[in-house]
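Listing of my_file_22.cif, mmCIF, C-alpha atoms
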data_run
#
loop_
_atom_site.label_atom_id
_atom_site.label_comp_id
_atom_site.auth_asym_id
_atom_site.auth_seq_id
_atom_site.Cartn_x
_atom_site.Cartn_y
_atom_site.Cartn_z
CA MET A 1 -9.31 -0.39 -29.45
CA SER A 2 -10.60 -3.86 -28.72
CA PHE A 3 -8.89 -7.07 -27.69
CA PRO A 4 -9.87 -10.72 -28.16
CA LEU A 5 -11.88 -12.19 -25.30
CA SER A 6 -13.14 -15.66 -26.11
CA SER A 7 -15.30 -17.41 -28.65
CA ARG A 8 -18.35 -16.43 -26.60
CA THR A 9 -17.73 -12.68 -26.48
CA SER A 10 -17.27 -10.15 -29.24
CA ASP A 11 -17.85 -6.73 -27.62
CA SER A 12 -14.95 -5.90 -25.34
CA SER A 13 -15.67 -2.21 -24.77
CA LEU A 14 -16.89 -2.78 -21.20
CA LEU A 15 -13.78 -4.76 -20.34
CA VAL A 16 -11.47 -2.21 -21.97
CA ALA A 17 -13.08 0.48 -19.81
CA HIS A 18 -12.15 -1.62 -16.77
CA GLY A 19 -8.49 -1.99 -17.87
CA TRP A 20 -8.50 -4.99 -20.21
CA ASP A 21 -5.56 -5.07 -22.62
CA GLU A 22 -3.62 -7.39 -24.90
CA GLY A 23 -1.50 -8.65 -22.02
CA TRP A 24 -4.53 -9.78 -20.03
CA ALA A 25 -6.04 -11.31 -23.17
CA ALA A 26 -2.90 -13.40 -23.76
CA VAL A 27 -2.86 -14.67 -20.16
CA PHE A 28 -6.55 -15.50 -20.38
CA GLU A 29 -6.30 -17.71 -23.49
CA PRO A 30 -6.17 -21.05 -21.58
CA TYR A 31 -9.35 -20.11 -19.71
CA ALA A 32 -11.08 -19.01 -22.91
CA ALA A 33 -10.34 -22.46 -24.32
CA GLN A 34 -12.32 -23.88 -21.37
CA GLY A 35 -15.34 -21.75 -22.28
CA LEU A 36 -14.86 -19.31 -19.40
CA VAL A 37 -15.25 -15.54 -19.78
CA PRO A 38 -13.06 -12.75 -18.35
CA GLY A 39 -14.21 -10.12 -15.91
CA ARG A 40 -12.83 -7.68 -13.38
CA VAL A 41 -13.80 -7.91 -9.73
CA VAL A 42 -15.42 -4.61 -8.72
CA ARG A 43 -16.59 -5.57 -5.22
CA VAL A 44 -16.19 -8.49 -2.78
CA ASP A 45 -18.35 -9.35 0.21
CA ARG A 46 -19.25 -12.50 2.15
CA GLY A 47 -17.85 -15.09 -0.22
CA GLN A 48 -19.33 -13.51 -3.33
CA CYS A 49 -18.28 -10.74 -5.67
CA ASP A 50 -19.52 -8.47 -8.41
CA VAL A 51 -17.63 -9.00 -11.66
CA ALA A 52 -17.68 -6.63 -14.65
CA THR A 53 -17.82 -8.75 -17.83
CA ALA A 54 -18.41 -7.96 -21.49
CA ASP A 55 -22.10 -8.72 -20.87
CA GLY A 56 -22.35 -6.41 -17.85
CA THR A 57 -21.83 -6.85 -14.12
CA VAL A 58 -22.67 -10.30 -12.75
CA ARG A 59 -22.78 -11.81 -9.27
CA ALA A 60 -20.36 -14.69 -8.76
CA ASP A 61 -19.45 -17.08 -5.96
CA THR A 62 -15.78 -17.38 -4.91
CA ALA A 63 -16.02 -20.85 -3.32
CA PHE A 64 -13.72 -22.40 -5.92
CA VAL A 65 -10.91 -19.90 -5.28
CA THR A 66 -10.74 -19.66 -1.49
CA PRO A 67 -7.09 -20.47 -0.58
CA HIS A 68 -5.67 -20.76 2.93
CA ASP A 69 -3.35 -17.84 2.23
CA PRO A 70 -5.31 -14.62 2.97
CA LEU A 71 -3.16 -12.80 0.41
CA ARG A 72 -4.54 -15.01 -2.35
CA VAL A 73 -8.26 -14.48 -1.75
CA VAL A 74 -10.32 -12.83 -4.47
CA CYS A 75 -9.84 -9.07 -4.20
CA THR A 76 -11.22 -5.92 -5.78
CA GLY A 77 -9.15 -5.27 -8.89
CA ASP A 78 -8.51 -8.95 -9.71
CA TRP A 79 -9.12 -10.26 -13.22
CA ALA A 80 -11.18 -13.43 -12.99
CA ALA A 81 -12.22 -16.36 -15.17
CA VAL A 82 -15.98 -16.71 -14.68
CA ASP A 83 -18.62 -19.21 -15.75
CA PRO A 84 -20.29 -18.13 -19.01
CA GLU A 85 -23.84 -16.86 -19.18
CA GLY A 86 -26.39 -19.61 -18.65
CA ALA A 87 -24.04 -21.74 -16.52
CA GLY A 88 -26.32 -21.34 -13.50
CA ASP A 89 -27.16 -18.93 -10.75
CA PRO A 90 -24.96 -17.88 -9.15
CA ARG A 91 -22.04 -18.11 -11.49
CA TYR A 92 -18.64 -19.07 -10.08
CA VAL A 93 -15.20 -17.53 -10.25
CA ARG A 94 -13.09 -20.47 -11.42
CA ALA A 95 -9.68 -18.75 -11.24
CA CYS A 96 -7.97 -15.38 -10.90
CA LEU A 97 -5.25 -14.25 -13.29
CA PRO A 98 -1.78 -13.64 -11.82
CA ARG A 99 -1.61 -10.13 -10.36
CA ARG A 100 0.66 -7.50 -11.83
CA THR A 101 0.72 -5.58 -8.57
CA ALA A 102 -0.85 -6.11 -5.14
CA PHE A 103 -1.36 -3.67 -2.29
CA ALA A 104 -1.13 -5.53 1.04
CA ARG A 105 -0.72 -4.69 4.72
CA SER A 106 -0.44 -6.70 7.92
CA THR A 107 -3.63 -7.26 9.87
CA SER A 108 -4.13 -6.10 13.43
CA SER A 109 -4.50 -9.72 14.56
CA LYS A 110 -1.84 -11.39 16.67
CA ARG A 111 -1.48 -14.07 13.98
CA SER A 112 0.43 -11.58 11.83
CA GLU A 113 -1.48 -12.37 8.67
CA GLY A 114 -1.35 -10.24 5.57
CA GLN A 115 -4.42 -8.56 4.11
CA ILE A 116 -4.77 -7.80 0.42
CA LEU A 117 -6.40 -4.41 -0.16
CA ALA A 118 -6.36 -4.01 -3.94
CA ALA A 119 -4.95 -5.80 -6.96
CA ASN A 120 -3.49 -4.75 -10.32
CA VAL A 121 -3.04 -1.12 -9.29
CA ASP A 122 -0.99 1.44 -11.24
CA HIS A 123 -1.36 4.45 -8.94
CA ALA A 124 -1.76 4.60 -5.15
CA VAL A 125 -3.30 7.93 -4.12
CA ILE A 126 -2.64 8.60 -0.43
CA ALA A 127 -5.20 11.08 0.88
CA VAL A 128 -3.94 13.26 3.75
CA SER A 129 -6.27 15.81 5.35
CA LEU A 130 -5.06 19.35 5.96
CA ALA A 131 -7.81 19.77 8.56
CA VAL A 132 -5.46 18.28 11.15
CA GLU A 133 -1.73 18.41 11.85
CA LEU A 134 0.36 16.45 9.38
CA ASP A 135 1.53 13.04 10.58
CA LEU A 136 4.70 12.55 8.55
CA GLY A 137 5.37 9.14 10.06
CA ARG A 138 2.02 7.83 8.88
CA ILE A 139 2.63 9.22 5.41
CA GLU A 140 5.96 7.35 5.31
CA ARG A 141 4.13 4.13 6.23
CA PHE A 142 1.61 4.53 3.44
CA LEU A 143 4.39 5.33 0.99
CA ALA A 144 6.36 2.21 1.98
CA LEU A 145 3.34 -0.01 1.33
CA ALA A 146 2.61 1.76 -1.95
CA TRP A 147 6.17 1.40 -3.28
CA GLU A 148 6.26 -2.25 -2.18
CA SER A 149 3.03 -2.96 -4.07
CA GLY A 150 4.58 -1.97 -7.37
CA ALA A 151 2.27 1.03 -7.83
CA GLN A 152 3.33 4.65 -8.25
CA PRO A 153 2.33 6.60 -5.12
CA ILE A 154 0.81 10.09 -5.19
CA VAL A 155 0.19 12.11 -2.03
CA VAL A 156 -2.95 14.25 -2.18
CA LEU A 157 -3.35 16.91 0.50
CA THR A 158 -7.14 17.13 0.77
CA LYS A 159 -9.23 20.00 2.15
CA ALA A 160 -6.69 22.53 0.88
CA ASP A 161 -9.43 25.18 1.04
CA LEU A 162 -8.95 25.13 4.84
CA VAL A 163 -5.47 26.63 4.32
CA PRO A 164 -6.25 29.91 2.50
CA ASP A 165 -2.72 31.30 2.91
CA PRO A 166 -0.74 30.28 -0.22
CA VAL A 167 2.58 30.60 1.60
CA GLY A 168 1.41 28.42 4.48
CA LEU A 169 0.09 25.85 2.01
CA SER A 170 3.40 25.80 0.15
CA TYR A 171 5.24 25.08 3.42
CA LEU A 172 2.94 22.12 4.10
CA VAL A 173 3.58 20.77 0.60
CA GLU A 174 7.34 21.12 1.17
CA ASP A 175 7.11 19.27 4.48
CA VAL A 176 5.47 16.30 2.76
CA GLU A 177 7.87 16.42 -0.19
CA THR A 178 10.79 15.96 2.22
CA VAL A 179 9.41 12.55 3.27
CA ALA A 180 8.21 11.56 -0.19
CA PRO A 181 11.20 11.54 -2.58
CA GLY A 182 10.16 10.81 -6.15
CA VAL A 183 6.47 11.30 -5.34
CA GLN A 184 4.12 13.99 -6.63
CA VAL A 185 2.49 15.95 -3.79
CA LEU A 186 -0.74 17.64 -4.85
CA PRO A 187 -2.84 20.02 -2.71
CA LEU A 188 -6.50 19.53 -3.57
CA SER A 189 -9.98 20.61 -2.52
CA SER A 190 -12.97 18.51 -3.49
CA ALA A 191 -15.20 21.35 -2.22
CA THR A 192 -13.84 24.00 -4.60
CA GLY A 193 -12.54 21.66 -7.31
CA GLU A 194 -8.97 22.94 -6.96
CA GLY A 195 -6.51 20.30 -8.15
CA VAL A 196 -9.16 17.70 -9.06
CA ASP A 197 -8.58 18.13 -12.80
CA VAL A 198 -4.81 17.75 -12.29
CA LEU A 199 -5.27 14.49 -10.37
CA SER A 200 -7.78 13.23 -12.95
CA ALA A 201 -5.20 13.76 -15.69
CA VAL A 202 -2.45 12.01 -13.70
CA VAL A 203 -4.48 8.86 -13.00
CA ALA A 204 -6.28 8.65 -16.36
CA GLY A 205 -5.86 5.39 -18.23
CA GLY A 206 -4.77 3.19 -15.33
CA THR A 207 -6.06 1.65 -12.12
CA THR A 208 -5.89 3.87 -9.04
CA VAL A 209 -6.44 2.87 -5.41
CA LEU A 210 -7.51 5.57 -2.97
CA LEU A 211 -6.03 5.19 0.52
CA GLY A 212 -6.08 7.07 3.80
CA VAL A 213 -7.42 7.17 7.33
CA SER A 214 -11.05 7.91 8.18
CA GLY A 215 -11.86 11.57 7.77
CA ALA A 216 -9.21 12.16 5.09
CA GLY A 217 -11.90 13.02 2.52
CA LYS A 218 -11.53 9.90 0.37
CA SER A 219 -15.24 9.44 -0.36
CA THR A 220 -15.67 13.10 -1.30
CA LEU A 221 -12.61 12.83 -3.54
CA ALA A 222 -13.95 9.63 -5.11
CA ASN A 223 -17.20 11.41 -5.95
CA ALA A 224 -15.27 14.30 -7.49
CA LEU A 225 -13.15 11.99 -9.66
CA VAL A 226 -16.07 9.81 -10.78
CA GLY A 227 -18.23 12.85 -11.43
CA GLU A 228 -21.24 11.71 -9.43
CA ASP A 229 -22.18 10.81 -5.87
CA VAL A 230 -21.16 7.15 -5.86
CA MET A 231 -20.02 7.21 -2.22
CA SER A 232 -21.89 8.53 0.82
CA VAL A 233 -20.09 11.21 2.83
CA GLN A 234 -20.14 12.01 6.55
CA ALA A 235 -18.63 15.03 8.26
CA ALA A 236 -15.39 14.59 10.20
CA ARG A 237 -15.14 15.71 13.83
CA ASP A 238 -13.77 19.22 14.29
CA VAL A 239 -11.63 18.10 17.24
CA ASP A 240 -9.36 15.63 15.50
CA GLY A 241 -10.55 15.53 11.90
CA LYS A 242 -11.56 11.89 12.20
CA GLY A 243 -14.69 10.47 10.67
CA ARG A 244 -16.64 7.27 10.75
CA HIS A 245 -15.97 4.65 8.08
CA THR A 246 -18.16 5.96 5.26
CA THR A 247 -16.78 3.27 2.94
CA THR A 248 -17.16 -0.28 4.30
CA THR A 249 -16.08 -2.27 1.25
CA ARG A 250 -13.59 -1.80 -1.56
CA ASN A 251 -15.40 -0.65 -4.69
CA LEU A 252 -14.14 -0.20 -8.25
CA PHE A 253 -15.54 2.61 -10.45
CA VAL A 254 -14.88 3.56 -14.08
CA LEU A 255 -13.60 7.14 -14.37
CA PRO A 256 -15.00 9.49 -17.04
CA THR A 257 -11.47 10.58 -17.97
CA GLY A 258 -10.38 6.97 -18.51
CA GLY A 259 -9.10 4.36 -16.08
CA VAL A 260 -10.71 3.02 -12.92
CA LEU A 261 -10.70 3.96 -9.25
CA ILE A 262 -10.73 1.60 -6.24
CA ASP A 263 -12.02 3.30 -3.11
CA THR A 264 -11.13 1.67 0.22
CA PRO A 265 -12.39 1.96 3.81
CA GLY A 266 -10.45 4.25 6.12
CA LEU A 267 -7.48 2.39 7.56
CA ARG A 268 -7.10 2.56 11.34
CA GLY A 269 -3.79 0.72 11.23
CA VAL A 270 -1.08 0.85 8.57
CA GLY A 271 0.99 -2.21 9.37
CA LEU A 272 3.86 -3.13 7.07
CA TRP A 273 3.82 -6.44 5.27
CA ASP A 274 7.25 -7.59 4.02
CA ALA A 275 7.98 -4.09 2.77
CA GLU A 276 11.75 -3.76 3.09
CA ALA A 277 12.17 -2.57 -0.49
CA GLY A 278 9.33 -0.10 -0.03
CA VAL A 279 10.89 1.31 3.13
CA GLY A 280 14.19 1.67 1.30
CA GLN A 281 12.45 3.59 -1.48
CA VAL A 282 10.80 5.99 0.98
CA PHE A 283 14.14 6.67 2.69
CA SER A 284 16.20 6.68 -0.49
CA GLU A 285 18.46 9.46 0.78
CA ILE A 286 19.52 7.24 3.72
CA GLU A 287 20.11 4.31 1.37
CA GLU A 288 22.24 6.60 -0.80
CA LEU A 289 24.28 7.86 2.17
CA ALA A 290 24.79 4.31 3.47
CA ARG A 291 26.73 3.43 0.31
CA ASP A 292 29.53 5.71 1.55
CA CYS A 293 29.74 4.16 5.02
CA ARG A 294 33.06 2.50 5.84
CA PHE A 295 31.36 -0.80 6.73
CA HIS A 296 28.79 -2.39 4.41
CA ASP A 297 26.76 -3.62 7.40
CA CYS A 298 26.89 -0.28 9.23
CA ALA A 299 24.04 0.18 11.72
CA HIS A 300 24.45 3.99 11.60
CA GLU A 301 24.89 4.23 15.34
CA ALA A 302 28.47 4.53 16.65
CA GLU A 303 30.54 2.97 13.87
CA PRO A 304 33.56 4.95 12.60
CA GLY A 305 33.26 6.30 9.08
CA CYS A 306 29.44 6.31 9.09
CA ALA A 307 28.19 8.63 6.34
CA VAL A 308 24.67 8.63 7.77
CA ALA A 309 25.88 9.76 11.19
CA ALA A 310 27.96 12.46 9.49
CA ALA A 311 24.83 13.71 7.68
CA ILE A 312 23.01 13.87 11.01
CA GLU A 313 25.93 15.77 12.49
CA ASP A 314 26.07 18.42 9.76
CA GLY A 315 22.29 18.77 9.63
CA THR A 316 21.71 17.53 6.07
CA LEU A 317 19.70 14.55 7.37
CA PRO A 318 16.98 15.21 9.97
CA VAL A 319 17.16 13.03 13.08
CA ARG A 320 13.43 12.29 12.73
CA ARG A 321 14.00 10.68 9.33
CA LEU A 322 16.67 8.31 10.64
CA GLU A 323 14.55 7.38 13.66
CA SER A 324 11.53 6.72 11.45
CA PHE A 325 13.66 4.63 9.09
CA ARG A 326 14.96 2.50 11.95
CA LYS A 327 11.47 2.07 13.40
CA LEU A 328 9.93 0.86 10.14
CA MET A 329 12.85 -1.45 9.34
CA ARG A 330 12.68 -3.03 12.82
CA GLU A 331 8.92 -3.45 12.54
CA ASN A 332 9.21 -5.04 9.12
CA GLN A 333 11.97 -7.37 10.28
CA ARG A 334 9.93 -8.54 13.27
CA LEU A 335 6.93 -9.22 11.07
CA VAL A 336 8.93 -11.17 8.51
CA ALA A 337 10.63 -13.13 11.30
CA LYS A 338 7.24 -14.34 12.57
CA THR A 339 6.61 -16.07 9.26
CA ASP A 340 10.21 -16.97 8.35
CA ALA A 341 11.82 -19.55 10.66
CA ARG A 342 15.29 -19.10 9.14
CA LEU A 343 15.28 -15.35 9.63
CA ARG A 344 13.88 -15.77 13.13
CA ASN A 345 16.85 -17.99 14.03
CA GLU A 346 19.29 -15.48 12.55
CA ILE A 347 17.79 -12.65 14.63
CA ARG A 348 17.98 -14.83 17.76
CA LYS A 349 21.66 -15.62 17.05
CA ASP A 350 22.44 -11.92 16.52
CA TRP A 351 20.75 -11.10 19.80
CA LYS A 352 22.76 -13.77 21.63
CA ARG A 353 26.02 -12.51 20.11
CA THR A 354 25.16 -8.96 21.18
CA MET A 355 24.37 -10.10 24.72
CA THR A 356 27.57 -12.15 24.91
CA ALA A 357 29.67 -9.23 23.69
CA GLY A 358 27.97 -6.94 26.20
CA ARG A 359 28.68 -9.29 29.09
CA ALA A 360 32.29 -9.63 27.97
CA ALA A 361 32.71 -5.85 27.88
CA VAL A 362 31.23 -5.51 31.37
CA GLU A 363 33.52 -8.25 32.68
CA PHE A 364 36.55 -6.63 31.05
CA LYS A 365 35.81 -3.27 32.68
CA ARG A 366 35.20 -4.92 36.04
CA ASN A 367 38.45 -6.88 35.93
CA GLY A 368 40.31 -3.81 34.80
CA ARG A 369 39.11 -1.85 37.79
CA LEU A 370 40.04 -4.73 40.16
CA ARG A 371 43.61 -4.52 39.00
#
What does this structure look like when you write it as structure tokens?
Amino acid sequence: MSFPLSSRTSDSSLLVAHGWDEGWAAVFEPYAAQGLVPGRVVRVDRGQCDVATADGTVRADTAFVTPHDPLRVVCTGDWAAVDPEGAGDPRYVRACLPRRTAFARSTSSKRSEGQILAANVDHAVIAVSLAVELDLGRIERFLALAWESGAQPIVVLTKADLVPDPVGLSYLVEDVETVAPGVQVLPLSSATGEGVDVLSAVVAGGTTVLLGVSGAGKSTLANALVGEDVMSVQAARDVDGKGRHTTTTRNLFVLPTGGVLIDTPGLRGVGLWDAEAGVGQVFSEIEELARDCRFHDCAHEAEPGCAVAAAIEDGTLPVRRLESFRKLMRENQRLVAKTDARLRNEIRKDWKRTMTAGRAAVEFKRNGRLR
């Protein structure tokens, strides 16, 4: 199936392979009227990018679309309006089409800026290595960012060949399923091929971003999905399963089964970026319980009639889940407050009210004892 591009292009097969559809064609019409051509960004580095167009991959400069907001910079997965062939060398990206989805995290800088990792993603595959002990808290973080992006997360337990006991492997899958409601959890081995065909079928026809820490086996998995060695691979350390950053840039590849894959560098930090809805999705059982609390603003601590506390008491809700939920919500609130003056003032007022109430309670007890 082909879709209209512009008066300058007639063969859209290359663009369709990269995810072009009627919706993108409709949004692009104003740019086509200007004589620009569409293309998908497959790699970005040092102010330039590689763009897949109907004529092939071209090198383009991003100087015309360099906003102050780091979340609006040109990113792998973006659809761009590019100068037509013959417009000069290098060509320029003149604009990016509005994103359908965007995967972002907070940077490790003290300025609390957001960083865009991938754009227009349908599936977020979170690679988790079975060579080391599962870190459920980190998985919850990745899931929160994935849900917030608008993509459908999938947790892939890589290096499943290192767990030869089927019963032991099933327990590991169950452990991850408990922190990933509504998410497919797939054990997989790139070495033996186990599960690769299943994942290929799940992600076929859309755009998939591959995420995980260094040493999770992302590059090996990318090679298995693409069907050739497109990414270099380095062995992880036996001590902690960590590896060096094999992937240093975000690259987009066309998959033989249909769809495209965006491979990303290993993430040392998984900071939330305005992900309250994503956190709520990850901890949906807590959100569901909270609806039955007596008070709508229940903090799930010592309030009477707290359904969440009752679930902790009867063992249906693990304490670790509630603690993780609180931690991520507090972290997200602090981050948002740094960029939202109104919310920052509200948090400060709440803190002052809490301190005032605490002092009043202490004074009351002291006076009561004096009597």
Exercise. Show which residues sit within 7 Å of segment 289-298 of chain A, as a VMD selection string. Count only C-alpha atoms, and ignore same-chain residues fewer than 5 positions away.
Key: chain A and resid 303 305 to 308
Quiz item: Residues picked by the PyMOL selection byres ((chain A and resi 211) around 6) here, as an MDAnalysis selection string?
Solution: chainID A and resid 126:127 210 212
Dump as a PDB file, in the frame of the given file, selection limited to C-alpha atoms:
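Heads up, here's the output in again_21.pdb:
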ATOM      1  CA  ILE A 126      -2.640   8.600  -0.430  1.00  0.00           C
ATOM      2  CA  ALA A 127      -5.200  11.080   0.880  1.00  0.00           C
ATOM      3  CA  LEU A 210      -7.510   5.570  -2.970  1.00  0.00           C
ATOM      4  CA  GLY A 212      -6.080   7.070   3.800  1.00  0.00           C
TER       5      GLY A 212
END
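Residues in contact with Gln184 of chain A at 9 Å, where all atoms listed in the file are counted and same-chain residues fewer than 3 positions away are skipped, are listed as Pro153, Ile154, Val155, Val156, Glu177, Ala180 and Pro181 of chain A.
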Practice problem: Would you list the residues near (-1.9, 5.0, -11.0), meaning any protein, DNA or RNA residue with an atom at most 6 Å from that point in file coordinates, counting all atoms listed in the file, as a list in words? | Solution: Asp122, His123, Ala124, Gln152, Val203, Gly206, Thr207 and Thr208 of chain A
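The space between atom CA of Gly47 of chain A and atom CA of Ala17 of chain A spans 25.5 Å.
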Quiz prompt | Explicit residue set for the PyMOL selection byres ((chain A and resi 322-331) around 10), as an NGL selection string | solution = :A and (136-138 or 140-141 or 144 or 271-277 or 279-280 or 282-283 or 286 or 299-300 or 308-309 or 312 or 317-321 or 332-337)
Practice problem: May I ask for the distance between atom CA of Leu145 of chain A and atom CA of Val183 of chain A, given in Å to one decimal place? | Solution: 13.5 Å
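When only C-alpha atoms are used to compute distances to Val125 of chain A, the closest of the residues A:Val44, A:Val74, A:Leu186, A:Val226 turns out to be A:Leu186.
For the pair atom CA of Ser170 of chain A and atom CA of Gly193 of chain A, the separation is 18.1 Å.
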Practice problem: Check what the PyMOL selection byres ((chain A and resi 56) around 12) selects in the file above and give those residues as a PyMOL selection string. | Solution: chain A and resi 9+11-15+17-18+37-42+50-55+57-59+84-85
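Distances here use all atoms listed in the file; by that measure, the residue among A:Leu188, A:Ala80, A:Ala224, A:Ala302 closest to Ala119 of chain A is A:Ala80.
For the residues A:Glu29, A:Asp45, A:Asp135, A:Glu288, ranking by smallest atom-to-atom distance to Thr76 of chain A using all atoms listed in the file places A:Asp45 first.
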